[in-house]
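Next up, protein18.tsv (TSV, C-alpha atoms):
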chain	number	residue	atom	x	y	z
S	1	MET	CA	21.04	-15.67	-1.41
S	2	ILE	CA	20.30	-12.06	-0.49
S	3	SER	CA	20.63	-11.43	3.23
S	4	ILE	CA	17.58	-10.23	5.18
S	5	GLU	CA	19.74	-8.70	7.90
S	6	LEU	CA	18.39	-5.21	8.50
S	7	THR	CA	20.60	-2.22	7.74
S	8	ALA	CA	21.55	0.33	10.39
S	9	GLU	CA	19.07	2.76	8.80
S	10	GLN	CA	16.25	0.23	9.00
S	11	LYS	CA	17.10	-0.49	12.64
S	12	ASP	CA	17.02	3.27	13.39
S	13	ALA	CA	13.60	3.49	11.74
S	14	ILE	CA	12.28	0.61	13.84
S	15	ALA	CA	13.66	2.19	17.01
S	16	ALA	CA	11.81	5.44	16.17
S	17	VAL	CA	8.58	3.49	15.64
S	18	ASP	CA	8.96	1.70	18.97
S	19	ALA	CA	9.48	4.99	20.82
S	20	PHE	CA	6.28	6.37	19.26
S	21	CYS	CA	4.24	3.21	19.85
S	22	ASP	CA	5.38	2.88	23.46
S	23	ARG	CA	3.82	6.26	24.08
S	24	TYR	CA	0.59	6.07	22.09
S	25	PHE	CA	-0.35	2.46	21.25
S	26	THR	CA	-2.34	0.18	23.54
S	27	GLU	CA	-4.71	-2.58	22.48
S	28	ASP	CA	-7.66	-0.73	24.03
S	29	ALA	CA	-6.73	2.39	22.07
S	30	ILE	CA	-6.38	0.46	18.81
S	31	LYS	CA	-9.81	-1.14	19.31
S	32	GLN	CA	-11.34	2.28	19.89
S	33	TRP	CA	-9.64	3.74	16.81
S	34	CYS	CA	-11.03	0.90	14.71
S	35	LYS	CA	-14.53	1.63	16.01
S	36	SER	CA	-14.19	5.34	15.32
S	37	ARG	CA	-12.65	4.63	11.88
S	38	GLY	CA	-9.45	6.61	12.33
S	39	VAL	CA	-6.51	7.70	14.44
S	40	PRO	CA	-7.29	10.65	16.80
S	41	SER	CA	-5.96	13.99	15.61
S	42	THR	CA	-3.69	14.29	18.66
S	43	VAL	CA	-1.95	11.02	17.77
S	44	TYR	CA	-1.98	11.80	14.06
S	45	ASN	CA	-0.34	15.19	14.60
S	46	ALA	CA	2.14	13.70	17.07
S	47	PHE	CA	3.22	11.24	14.39
S	48	TYR	CA	4.11	14.06	12.00
S	49	GLU	CA	5.78	16.07	14.73
S	50	SER	CA	7.97	13.12	15.66
S	51	ALA	CA	10.94	11.69	13.76
S	52	LEU	CA	8.54	9.32	12.01
S	53	GLY	CA	6.83	12.11	10.08
S	54	LYS	CA	10.07	12.73	8.22
S	55	TYR	CA	9.80	9.26	6.65
S	56	CYS	CA	6.54	10.37	5.00
S	57	LEU	CA	7.34	13.97	4.06
S	58	PRO	CA	9.34	14.81	0.92
S	59	GLU	CA	12.76	16.37	1.36
S	60	TYR	CA	11.70	19.80	0.14
S	61	LEU	CA	9.28	20.00	3.08
S	62	GLY	CA	11.79	18.91	5.67
S	63	GLY	CA	11.42	15.19	5.13
S	64	ARG	CA	14.20	12.68	5.43
S	65	GLU	CA	16.07	11.29	2.46
S	66	CYS	CA	15.50	7.58	2.88
S	67	SER	CA	15.22	4.41	0.87
S	68	LEU	CA	12.05	2.49	0.15
S	69	ALA	CA	13.47	-0.25	2.37
S	70	GLU	CA	13.50	2.22	5.30
S	71	LYS	CA	9.92	3.28	4.57
S	72	SER	CA	8.94	-0.39	4.43
S	73	ALA	CA	10.59	-0.99	7.80
S	74	VAL	CA	8.58	1.88	9.31
S	75	ILE	CA	5.27	0.61	7.95
S	76	ALA	CA	5.97	-3.01	8.87
S	77	ARG	CA	6.86	-2.09	12.46
S	78	LEU	CA	3.88	0.24	12.88
S	79	CYS	CA	1.46	-2.47	11.77
S	80	HIS	CA	3.35	-5.04	13.86
S	81	ARG	CA	2.94	-2.94	16.99
S	82	ALA	CA	-0.68	-1.98	16.27
S	83	GLY	CA	-1.87	-5.33	14.93
S	84	ALA	CA	-3.92	-3.33	12.44
S	85	MET	CA	-3.69	-1.41	9.18
S	86	LEU	CA	-2.98	2.26	9.85
S	87	PRO	CA	-3.73	5.36	7.73
S	88	PHE	CA	-0.02	6.24	7.64
S	89	VAL	CA	0.38	3.59	4.92
S	90	ASN	CA	-1.86	5.61	2.61
S	91	ASP	CA	-0.23	8.87	3.67
S	92	MET	CA	3.20	7.61	2.67
S	93	LEU	CA	1.86	6.48	-0.70
S	94	SER	CA	0.10	9.80	-1.33
S	95	MET	CA	3.29	11.70	-0.52
S	96	THR	CA	5.10	9.65	-3.14
S	97	LEU	CA	2.42	10.47	-5.69
S	98	LEU	CA	2.77	14.17	-4.90
S	99	ASP	CA	6.50	13.94	-5.51
S	100	SER	CA	5.81	12.45	-8.94
S	101	MET	CA	3.19	15.11	-9.65
S	102	ARG	CA	5.53	17.87	-8.57
S	103	GLU	CA	7.98	16.91	-11.31
S	104	VAL	CA	5.46	17.34	-14.12
S	105	SER	CA	2.70	19.61	-12.80
S	106	ARG	CA	2.37	23.13	-11.43
S	107	ARG	CA	4.40	23.04	-8.23
S	108	GLU	CA	2.34	25.61	-6.39
S	109	VAL	CA	-0.74	23.36	-6.62
S	110	VAL	CA	1.13	20.34	-5.32
S	111	GLU	CA	2.95	22.14	-2.52
S	112	GLU	CA	-0.26	23.75	-1.29
S	113	LEU	CA	-1.66	20.30	-0.58
S	114	LEU	CA	1.16	19.63	1.84
S	115	THR	CA	1.95	22.95	3.45
S	116	LYS	CA	-1.56	23.59	4.78
S	117	SER	CA	-0.93	21.26	7.72
S	118	GLY	CA	2.31	19.42	7.07
S	119	HIS	CA	0.63	16.18	6.03
S	120	VAL	CA	-1.66	14.79	3.34
S	121	MET	CA	-4.75	16.87	2.60
S	122	PHE	CA	-6.40	14.73	-0.06
S	123	SER	CA	-7.62	11.22	-0.79
S	124	GLU	CA	-6.82	9.19	-3.91
S	125	ALA	CA	-10.07	8.53	-5.76
S	126	PHE	CA	-8.68	6.14	-8.37
S	127	SER	CA	-10.39	2.76	-7.94
S	128	GLU	CA	-13.90	1.81	-8.95
S	129	ALA	CA	-16.06	-1.22	-8.26
S	130	ARG	CA	-15.78	-2.40	-11.88
S	131	ALA	CA	-12.24	-1.25	-12.57
S	132	GLY	CA	-10.09	-2.09	-9.54
S	133	SER	CA	-6.48	-1.10	-10.21
S	134	ASP	CA	-7.00	-1.07	-14.00
S	135	ALA	CA	-6.80	2.63	-14.84
S	136	SER	CA	-7.94	2.05	-18.42
S	137	ALA	CA	-11.26	0.60	-17.19
S	138	VAL	CA	-12.47	3.59	-15.14
S	139	GLN	CA	-15.97	4.82	-15.96
S	140	THR	CA	-15.90	8.17	-14.15
S	141	ILE	CA	-15.93	10.68	-16.99
S	142	VAL	CA	-15.16	14.33	-17.69
S	143	SER	CA	-17.48	15.94	-20.23
S	144	VAL	CA	-17.11	19.30	-21.95
S	145	GLU	CA	-20.44	21.06	-22.47
S	146	PRO	CA	-21.37	24.56	-23.72
S	147	ASP	CA	-21.80	25.82	-20.14
S	148	GLY	CA	-18.68	24.21	-18.62
S	149	VAL	CA	-16.65	21.09	-17.79
S	150	PHE	CA	-18.33	18.47	-15.61
S	151	LEU	CA	-17.44	15.29	-13.71
S	152	ASP	CA	-19.75	12.29	-13.33
S	153	GLY	CA	-19.15	8.87	-11.83
S	154	GLU	CA	-18.47	6.91	-8.67
S	155	LYS	CA	-15.26	5.95	-6.90
S	156	SER	CA	-14.96	3.19	-4.33
S	157	PHE	CA	-12.43	2.04	-1.71
S	158	VAL	CA	-11.23	5.62	-1.26
S	159	SER	CA	-9.11	5.61	1.91
S	160	GLY	CA	-9.99	8.60	4.09
S	161	GLY	CA	-12.48	9.73	1.46
S	162	GLN	CA	-14.99	10.97	4.02
S	163	PHE	CA	-12.57	13.08	5.98
S	164	SER	CA	-10.07	14.49	3.47
S	165	PRO	CA	-11.10	17.96	2.27
S	166	GLU	CA	-10.18	17.17	-1.35
S	167	ALA	CA	-10.10	14.14	-3.62
S	168	LEU	CA	-7.64	13.49	-6.45
S	169	VAL	CA	-9.91	11.96	-9.08
S	170	LEU	CA	-8.82	9.83	-12.03
S	171	ALA	CA	-11.31	10.04	-14.88
S	172	ARG	CA	-11.84	9.23	-18.53
S	173	ASP	CA	-11.38	12.43	-20.45
S	174	PRO	CA	-11.65	12.47	-24.27
S	175	VAL	CA	-10.69	16.17	-24.44
S	176	HIS	CA	-8.05	17.02	-21.79
S	177	GLY	CA	-6.62	13.50	-21.64
S	178	LEU	CA	-5.43	13.16	-25.22
S	179	GLU	CA	-1.76	13.04	-24.19
S	180	ASP	CA	-2.47	10.42	-21.53
S	181	GLY	CA	-4.50	7.79	-23.32
S	182	GLY	CA	-7.82	9.44	-22.60
S	183	LEU	CA	-7.31	9.90	-18.84
S	184	SER	CA	-6.85	12.95	-16.63
S	185	LEU	CA	-6.45	13.91	-12.96
S	186	TRP	CA	-8.55	16.51	-11.15
S	187	LEU	CA	-8.37	17.82	-7.59
S	188	VAL	CA	-11.98	18.15	-6.38
S	189	PRO	CA	-13.07	19.60	-3.00
S	190	ILE	CA	-15.54	17.19	-1.40
S	191	ASP	CA	-17.81	20.06	-0.36
S	192	GLU	CA	-18.46	21.02	-4.01
S	193	PRO	CA	-22.10	20.83	-5.15
S	194	GLY	CA	-22.76	17.39	-6.59
S	195	VAL	CA	-20.14	15.53	-4.49
S	196	SER	CA	-21.47	12.93	-2.06
S	197	THR	CA	-19.44	10.74	0.31
S	198	TYR	CA	-20.52	7.55	2.05
S	199	PRO	CA	-18.68	5.31	4.52
S	200	LEU	CA	-17.84	1.93	3.01
S	201	GLU	CA	-18.39	-0.85	5.52
S	202	THR	CA	-15.52	-3.21	4.76
S	203	VAL	CA	-14.75	-6.46	6.60
S	204	GLY	CA	-11.47	-5.05	7.94
S	205	GLN	CA	-9.07	-2.11	7.66
S	206	ALA	CA	-11.46	0.16	9.54
S	207	MET	CA	-8.80	2.73	10.49
S	208	THR	CA	-8.15	3.55	6.83
S	209	ALA	CA	-11.77	4.82	6.73
S	210	PRO	CA	-12.65	3.59	3.21
S	211	ALA	CA	-15.45	5.48	1.50
S	212	THR	CA	-17.48	5.74	-1.68
S	213	LEU	CA	-17.46	9.08	-3.51
S	214	LYS	CA	-20.16	9.99	-6.02
S	215	PHE	CA	-19.88	12.84	-8.51
S	216	ASP	CA	-23.15	14.08	-9.98
S	217	HIS	CA	-22.38	16.62	-12.71
S	218	VAL	CA	-19.74	18.38	-10.61
S	219	GLU	CA	-18.50	21.51	-12.32
S	220	LEU	CA	-14.71	21.60	-12.76
S	221	ARG	CA	-12.48	24.65	-12.99
S	222	PRO	CA	-9.29	24.78	-15.10
S	223	GLU	CA	-7.06	25.24	-12.04
S	224	GLN	CA	-8.32	21.94	-10.60
S	225	ARG	CA	-6.71	19.90	-13.35
S	226	ILE	CA	-3.36	18.31	-12.55
S	227	GLN	CA	-1.02	18.75	-15.49
S	228	THR	CA	0.75	15.47	-16.28
S	229	GLN	CA	2.51	16.30	-19.57
S	230	GLY	CA	1.74	12.91	-21.07
S	231	LYS	CA	3.36	11.08	-18.11
S	232	LEU	CA	0.21	9.98	-16.31
S	233	ASP	CA	0.61	6.31	-17.22
S	234	ALA	CA	4.16	6.22	-15.87
S	235	MET	CA	3.03	8.00	-12.69
S	236	LEU	CA	0.22	5.50	-12.10
S	237	LYS	CA	2.43	2.48	-12.75
S	238	ARG	CA	5.00	3.80	-10.28
S	239	GLN	CA	2.24	4.52	-7.78
S	240	TYR	CA	0.82	1.01	-7.97
S	241	GLU	CA	4.30	-0.50	-7.68
S	242	LEU	CA	5.17	1.52	-4.59
S	243	GLY	CA	1.71	0.85	-3.20
S	244	ARG	CA	2.29	-2.87	-3.54
S	245	ILE	CA	5.53	-2.66	-1.60
S	246	LEU	CA	3.94	-0.70	1.26
S	247	ILE	CA	0.88	-2.98	1.36
S	248	CYS	CA	3.16	-6.01	1.54
S	249	ALA	CA	5.29	-4.38	4.25
S	250	ALA	CA	2.10	-3.78	6.24
S	251	SER	CA	1.03	-7.40	5.66
S	252	MET	CA	4.40	-8.60	6.91
S	253	GLY	CA	4.01	-6.51	10.08
S	254	LEU	CA	0.51	-7.85	10.67
S	255	ALA	CA	1.74	-11.42	10.31
S	256	LEU	CA	4.48	-10.78	12.86
S	257	ALA	CA	1.86	-9.48	15.29
S	258	ALA	CA	-0.20	-12.64	14.77
S	259	MET	CA	2.93	-14.73	15.36
S	260	ASP	CA	3.62	-12.91	18.64
S	261	ASP	CA	0.11	-13.67	19.88
S	262	ALA	CA	0.32	-17.32	18.81
S	263	LEU	CA	3.65	-17.78	20.61
S	264	ASP	CA	2.36	-16.09	23.77
S	265	HIS	CA	-0.68	-18.34	23.81
S	266	ALA	CA	1.40	-21.45	23.09
S	267	ASN	CA	3.67	-20.58	26.03
S	268	ASP	CA	0.90	-19.66	28.49
S	269	HIS	CA	-2.10	-21.89	27.75
S	270	MET	CA	-2.18	-25.19	29.63
S	271	VAL	CA	-3.63	-28.42	28.25
S	272	LYS	CA	-3.75	-31.40	30.65
S	273	GLY	CA	-0.84	-30.15	32.68
S	274	GLN	CA	1.41	-29.09	29.81
S	275	THR	CA	1.71	-25.94	27.75
S	276	LEU	CA	-0.03	-25.84	24.38
S	277	GLY	CA	3.32	-25.29	22.67
S	278	THR	CA	4.54	-28.76	23.60
S	279	LEU	CA	1.95	-30.43	21.34
S	280	PRO	CA	3.48	-31.64	18.05
S	281	GLN	CA	0.68	-30.22	15.87
S	282	ILE	CA	1.08	-26.76	17.42
S	283	ARG	CA	4.84	-26.86	16.95
S	284	GLU	CA	4.35	-27.74	13.30
S	285	LYS	CA	2.07	-24.74	12.85
S	286	LEU	CA	4.54	-22.40	14.52
S	287	ALA	CA	7.41	-23.70	12.40
S	288	ASP	CA	5.45	-23.20	9.16
S	289	MET	CA	4.37	-19.73	10.27
S	290	GLU	CA	7.99	-18.72	10.84
S	291	VAL	CA	8.98	-20.03	7.40
S	292	ARG	CA	6.33	-17.78	5.87
S	293	ASN	CA	7.41	-14.79	7.95
S	294	ARG	CA	11.01	-15.11	6.83
S	295	ALA	CA	9.98	-15.57	3.20
S	296	MET	CA	7.83	-12.43	3.40
S	297	CYS	CA	10.72	-10.41	4.80
S	298	GLN	CA	12.96	-11.56	1.98
S	299	LEU	CA	10.39	-10.76	-0.73
S	300	VAL	CA	9.55	-7.30	0.63
S	301	TYR	CA	13.09	-6.05	1.12
S	302	VAL	CA	14.37	-7.54	-2.15
S	303	ALA	CA	11.57	-5.77	-4.04
S	304	ALA	CA	12.17	-2.49	-2.19
S	305	ASP	CA	15.90	-2.65	-2.91
S	306	SER	CA	15.23	-3.51	-6.54
S	307	VAL	CA	13.00	-0.44	-6.99
S	308	ASP	CA	15.41	1.83	-5.09
S	309	LYS	CA	18.25	0.80	-7.40
S	310	GLY	CA	16.11	0.97	-10.54
S	311	LEU	CA	16.99	-2.60	-11.49
S	312	GLN	CA	15.47	-4.06	-14.64
S	313	ARG	CA	13.91	-6.89	-12.64
S	314	CYS	CA	12.04	-4.56	-10.26
S	315	HIS	CA	8.65	-5.05	-11.93
S	316	LEU	CA	8.95	-8.82	-11.63
S	317	ASP	CA	10.21	-8.57	-8.05
S	318	CYS	CA	7.21	-6.43	-7.06
S	319	ALA	CA	4.71	-8.72	-8.76
S	320	LEU	CA	6.23	-11.83	-7.12
S	321	MET	CA	6.11	-10.07	-3.75
S	322	LYS	CA	2.47	-8.97	-4.15
S	323	ARG	CA	1.44	-12.43	-5.32
S	324	ALA	CA	2.94	-14.16	-2.28
S	325	VAL	CA	3.19	-11.84	0.73
S	326	PRO	CA	-0.45	-10.91	1.49
S	327	ARG	CA	-1.50	-14.52	0.96
S	328	MET	CA	1.19	-15.82	3.31
S	329	ALA	CA	0.29	-13.15	5.87
S	330	THR	CA	-3.34	-14.26	5.75
S	331	GLU	CA	-2.22	-17.88	6.25
S	332	VAL	CA	-0.08	-16.91	9.25
S	333	ALA	CA	-2.98	-14.97	10.79
S	334	SER	CA	-5.34	-17.88	10.14
S	335	GLU	CA	-3.00	-20.33	11.86
S	336	ALA	CA	-2.63	-17.94	14.80
S	337	LEU	CA	-6.41	-17.79	15.09
S	338	GLN	CA	-6.51	-21.60	15.05
S	339	ILE	CA	-3.89	-21.82	17.81
S	340	LEU	CA	-5.85	-19.41	20.01
S	341	GLY	CA	-8.96	-21.54	19.48
S	342	GLY	CA	-12.33	-20.08	20.49
S	343	ARG	CA	-10.70	-17.01	22.00
S	344	GLY	CA	-9.16	-16.20	18.64
S	345	TYR	CA	-12.62	-16.12	17.09
S	346	THR	CA	-13.80	-13.38	19.45
S	347	ASN	CA	-12.92	-9.73	19.96
S	348	GLN	CA	-11.05	-10.72	23.14
S	349	SER	CA	-7.96	-11.18	20.97
S	350	ARG	CA	-6.69	-9.18	18.02
S	351	VAL	CA	-5.91	-12.07	15.68
S	352	GLY	CA	-9.37	-11.95	14.09
S	353	ARG	CA	-8.82	-8.30	13.23
S	354	ILE	CA	-5.36	-9.08	11.91
S	355	TRP	CA	-6.74	-11.84	9.67
S	356	GLN	CA	-9.37	-9.49	8.25
S	357	ASP	CA	-6.80	-6.79	7.49
S	358	CYS	CA	-4.42	-9.29	5.88
S	359	ARG	CA	-7.19	-10.72	3.73
S	360	GLY	CA	-8.04	-7.28	2.40
S	361	ASN	CA	-4.42	-6.76	1.37
S	362	GLN	CA	-4.72	-9.67	-1.06
S	363	ILE	CA	-7.04	-7.41	-3.05
S	364	ALA	CA	-5.52	-3.96	-2.49
S	365	GLN	CA	-3.14	-2.56	-5.13
S	366	GLY	CA	-3.77	-5.45	-7.53
S	367	THR	CA	-5.24	-8.87	-6.81
S	368	ASP	CA	-3.38	-12.17	-6.66
S	369	GLU	CA	-4.79	-13.08	-10.08
S	370	VAL	CA	-3.50	-9.87	-11.70
S	371	MET	CA	-0.04	-10.64	-10.33
S	372	VAL	CA	-0.09	-14.08	-11.95
S	373	HIS	CA	-0.61	-12.43	-15.34
S	374	LEU	CA	2.22	-9.94	-14.77
S	375	ILE	CA	4.61	-12.59	-13.47
S	376	ALA	CA	3.99	-15.11	-16.27
S	377	LYS	CA	4.28	-12.42	-18.93
S	378	SER	CA	7.58	-11.19	-17.49
S	379	LEU	CA	9.02	-14.69	-17.05
S	380	MET	CA	8.21	-15.70	-20.60
S	381	ALA	CA	9.65	-12.46	-21.99
S	382	ASN	CA	12.82	-12.90	-19.94
S	383	ARG	CA	13.23	-16.49	-21.11
S	384	ALA	CA	12.72	-15.52	-24.76
S	385	SER	CA	15.38	-12.83	-24.35
S	386	GLU	CA	17.79	-15.29	-22.74
S	387	ARG	CA	17.33	-17.73	-25.60
S	388	ARG	CA	17.98	-15.04	-28.20
S	389	VAL	CA	21.16	-13.99	-26.43
S	390	ALA	CA	22.32	-17.62	-26.14
S	391	GLU	CA	21.61	-18.31	-29.80
S	392	GLU	CA	23.49	-15.17	-30.85
S	393	ARG	CA	26.43	-16.16	-28.65
S	394	ILE	CA	26.55	-19.68	-30.14
S	395	GLN	CA	26.28	-18.33	-33.68
S	396	GLN	CA	29.09	-15.84	-33.00
S	397	ALA	CA	31.29	-18.62	-31.58
S	398	ARG	CA	30.68	-20.79	-34.64
S	399	THR	CA	31.43	-17.90	-36.97
S	400	GLU	CA	34.72	-17.17	-35.19
S	401	GLN	CA	35.65	-20.88	-35.33
S	402	GLU	CA	35.09	-20.98	-39.08
Representation of the structure as structure tokens:
Amino acid sequence: MISIELTAEQKDAIAAVDAFCDRYFTEDAIKQWCKSRGVPSTVYNAFYESALGKYCLPEYLGGRECSLAEKSAVIARLCHRAGAMLPFVNDMLSMTLLDSMREVSRREVVEELLTKSGHVMFSEAFSEARAGSDASAVQTIVSVEPDGVFLDGEKSFVSGGQFSPEALVLARDPVHGLEDGGLSLWLVPIDEPGVSTYPLETVGQAMTAPATLKFDHVELRPEQRIQTQGKLDAMLKRQYELGRILICAASMGLALAAMDDALDHANDHMVKGQTLGTLPQIREKLADMEVRNRAMCQLVYVAADSVDKGLQRCHLDCALMKRAVPRMATEVASEALQILGGRGYTNQSRVGRIWQDCRGNQIAQGTDEVMVHLIAKSLMANRASERRVAEERIQQARTEQE
């Protein structure tokens, strides 16, 4: 059994989050930020000016050298305190992508994206309504014509797509993408002629400001292309894997917030002269919720540690985590809503918002169904390998005996 006791570094990260949240987070503020679809610039800038910003920034820009487990602790605690998905989750993921890009692309292009303001200056326009997280299924296309290179297509679920000055667009590209399986990356300013942005009204996750971006024969310049040196597939796989860990860390934090509210209500609400928490059916719910919370913690930190150490099992660990954690978080939030009763089904409590955000995380960065495919494939391959090794060992023993 791998211990879920937090490390000193993780505890330091959580303490830094608490200091920030004590100053800036209130439930009224969070509600307002959800309505306005984003964190105010004063709070956003304060985040990057505080110790927390160093968990997002790369080392070469003054960021802190830290493990993925530490980053997960930061995200989990932020979402726990807010009871909502926050844009810092996407920022941290985008910073990781820039680090990968910096290794294979022109560094001056990558560094410019960060040094303009010290934080992320672009949105990731990867997913599409008919493609999801399957990069090979994207329909946005780059075409080379006698009068130039052009981009056409539509991207959906682009976090911060309306407000970021530039979008990093993944597109099918039969000319420039030959080294990368017919795909390429382009950095496109959203004020270019032919680019249109629309707010996407999702059920939850309002603060991430999801948007739809349309590209109508947008002319591309050579300097806008991100050089990937044939490593785009590896970059995207790493990005999705890290994204899954951060999404699951956020889900875990949301579930803990729902648990807090359920426990408070169970302690405070009176039913026929006794507190709600004395009822056997409520106690059973609380016990099952805590089981899920502890299981989520185990899955998230095991996967983060596995990726940090580059273990062979990391892909399986991440898929198992993504399959289970968002679903369990949604179940915890749903039970919390049930415990709060009618109040939980109104905007007088935050558990409805938490449930909506958790439910969205079952889809983000790869659906539950996609994870089943990845898990089963990995398990069967591992078992086949084990059998081959066992058979070779038995054959060797028999040969030595003879």
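When CA of Tyr198 (chain S) is paired with CA of Val218 (chain S), their separation reads 16.7 Å.
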Next item on the list: Do a neighbour search on region 142-156 of chain S at 7 Å with all atoms listed in the file, toss out local chain neighbours closer than 2 positions, and write the hits as a ChimeraX atom specification.
Entry: /S:125-129,139-140,158,171-173,211-220
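Minimum distance to Asn293 (chain S) across S:Gln239, S:Ser251, S:Gln312, S:Asn90 (counting only C-alpha atoms) occurs at S:Ser251.
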Please tabulate, as CSV, the residues of region 282-374 of chain S that come within 10 Å of region 65-68 of chain S, each with its closest pair of atoms and the distance in Å to one decimal, counting only C-alpha atoms and ordering rows by chain, then residue number upward.
residue,atom,partner,partner_atom,distance
S:Tyr301,CA,S:Leu68,CA,8.7
S:Ala303,CA,S:Leu68,CA,9.3
S:Ala304,CA,S:Leu68,CA,5.5
S:Asp305,CA,S:Leu68,CA,7.1
S:Ser306,CA,S:Leu68,CA,9.5
S:Val307,CA,S:Leu68,CA,7.8
S:Asp308,CA,S:Leu68,CA,6.3
S:Lys309,CA,S:Ser67,CA,9.5
Notebook entry, point to check: How many Å separate CA of Arg283 (chain S) from CA of Asp268 (chain S)?
Noted result: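 For CA of Arg283 (chain S) relative to CA of Asp268 (chain S), the distance reads 14.2 Å.
Distance check against Tyr44 (chain S) using all atoms listed in the file: of S:Met207, S:Gln281, S:Phe122, S:Glu9, the minimum falls on S:Met207.
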Note to self: Please compute the CA of Leu320 (chain S)-CA of Asp368 (chain S) distance, one decimal, in Å.
What the structure shows: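 Separating CA of Leu320 (chain S) from CA of Asp368 (chain S) is a distance of 9.6 Å.
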Next item on the list: Write out as a PyMOL selection string each polymer residue whose atoms come within 12 Å of Ala84 (chain S), counting only C-alpha atoms; drop sequence neighbours fewer than 5 positions from it.
Entry: chain S and resi 25-27+29-34+37-39+75-79+89+204-208+250-258+333+350-361
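Of the residues under consideration (S:Gly310, S:Pro40, S:Gly344, S:Gly366), S:Gly344 shows the shortest atom-to-atom contact distance to Asp261 (chain S) when counting all atoms listed in the file.
If you measure from each of S:Thr346, S:Ser184, S:Ser123, S:Asn45 to Val138 (chain S) using all atoms listed in the file, the closest one turns out to be S:Ser184.
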Next item on the list: Excluding Gly63 (chain S) and residues on its chain fewer than 5 positions from it, collect all residues at most 10 Å away from it, counting only C-alpha atoms, and give them as a list in words.
Entry: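 The residues that qualify are Ala51, Leu52, Gly53, Lys54, Tyr55, Cys56, Leu57 and Pro58 of chain S.
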Item checked: Residue neighbourhood Asp191 (chain S), 10 Å, only C-alpha atoms, exclusion window fewer than 6 positions, as a PyMOL selection string -> chain S and resi 165-166+197
Next item on the list: Return the single residue from S:Ala135, S:Leu340, S:Met85, S:Ala73 that is closest to Met270 (chain S), with distances computed using all atoms listed in the file.
Entry: S:Leu340
Check: Near region 376-393 of chain S, counting all atoms listed in the file, which residues have an atom at most 12 Å away, once you skip same-chain residues fewer than 4 positions from it, shown as a list in words?
Finding: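 Answer for this query is Gln312, Arg313, Cys314, His315, Leu316, Asp317, Cys318, Ala319, Leu320, Arg323, Glu369, Val370, Met371, Val372, Ala397, Arg398, Thr399 and Glu400 of chain S.
Residues of protein, DNA or RNA having at least one counted atom within 9 Å of (-3.9, 6.3, -7.4), given only C-alpha atoms, are Leu93, Ser94, Leu97, Glu124, Ala125, Phe126, Ser127, Ser133, Ala135, Leu168, Val169, Leu170, Met235, Leu236, Gln239, Tyr240 and Gly243 of chain S.
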Written selection (C-alpha atoms) as a PDB file, keeping the file's coordinate frame:
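Generated output (again35.pdb):
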ATOM      1  CA  LEU S  93       1.860   6.480  -0.700  1.00  0.00           C
ATOM      2  CA  SER S  94       0.100   9.800  -1.330  1.00  0.00           C
ATOM      3  CA  LEU S  97       2.420  10.470  -5.690  1.00  0.00           C
ATOM      4  CA  GLU S 124      -6.820   9.190  -3.910  1.00  0.00           C
ATOM      5  CA  ALA S 125     -10.070   8.530  -5.760  1.00  0.00           C
ATOM      6  CA  PHE S 126      -8.680   6.140  -8.370  1.00  0.00           C
ATOM      7  CA  SER S 127     -10.390   2.760  -7.940  1.00  0.00           C
ATOM      8  CA  SER S 133      -6.480  -1.100 -10.210  1.00  0.00           C
ATOM      9  CA  ALA S 135      -6.800   2.630 -14.840  1.00  0.00           C
ATOM     10  CA  LEU S 168      -7.640  13.490  -6.450  1.00  0.00           C
ATOM     11  CA  VAL S 169      -9.910  11.960  -9.080  1.00  0.00           C
ATOM     12  CA  LEU S 170      -8.820   9.830 -12.030  1.00  0.00           C
ATOM     13  CA  MET S 235       3.030   8.000 -12.690  1.00  0.00           C
ATOM     14  CA  LEU S 236       0.220   5.500 -12.100  1.00  0.00           C
ATOM     15  CA  GLN S 239       2.240   4.520  -7.780  1.00  0.00           C
ATOM     16  CA  TYR S 240       0.820   1.010  -7.970  1.00  0.00           C
ATOM     17  CA  GLY S 243       1.710   0.850  -3.200  1.00  0.00           C
TER      18      GLY S 243
END
Check: Smallest atom-to-atom distance to Glu192 (chain S): which of S:His80, S:Arg343, S:Lys237, S:Arg221, using all atoms listed in the file?
Finding: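 Of all the options, S:Arg221 lies closest to Glu192 (chain S).
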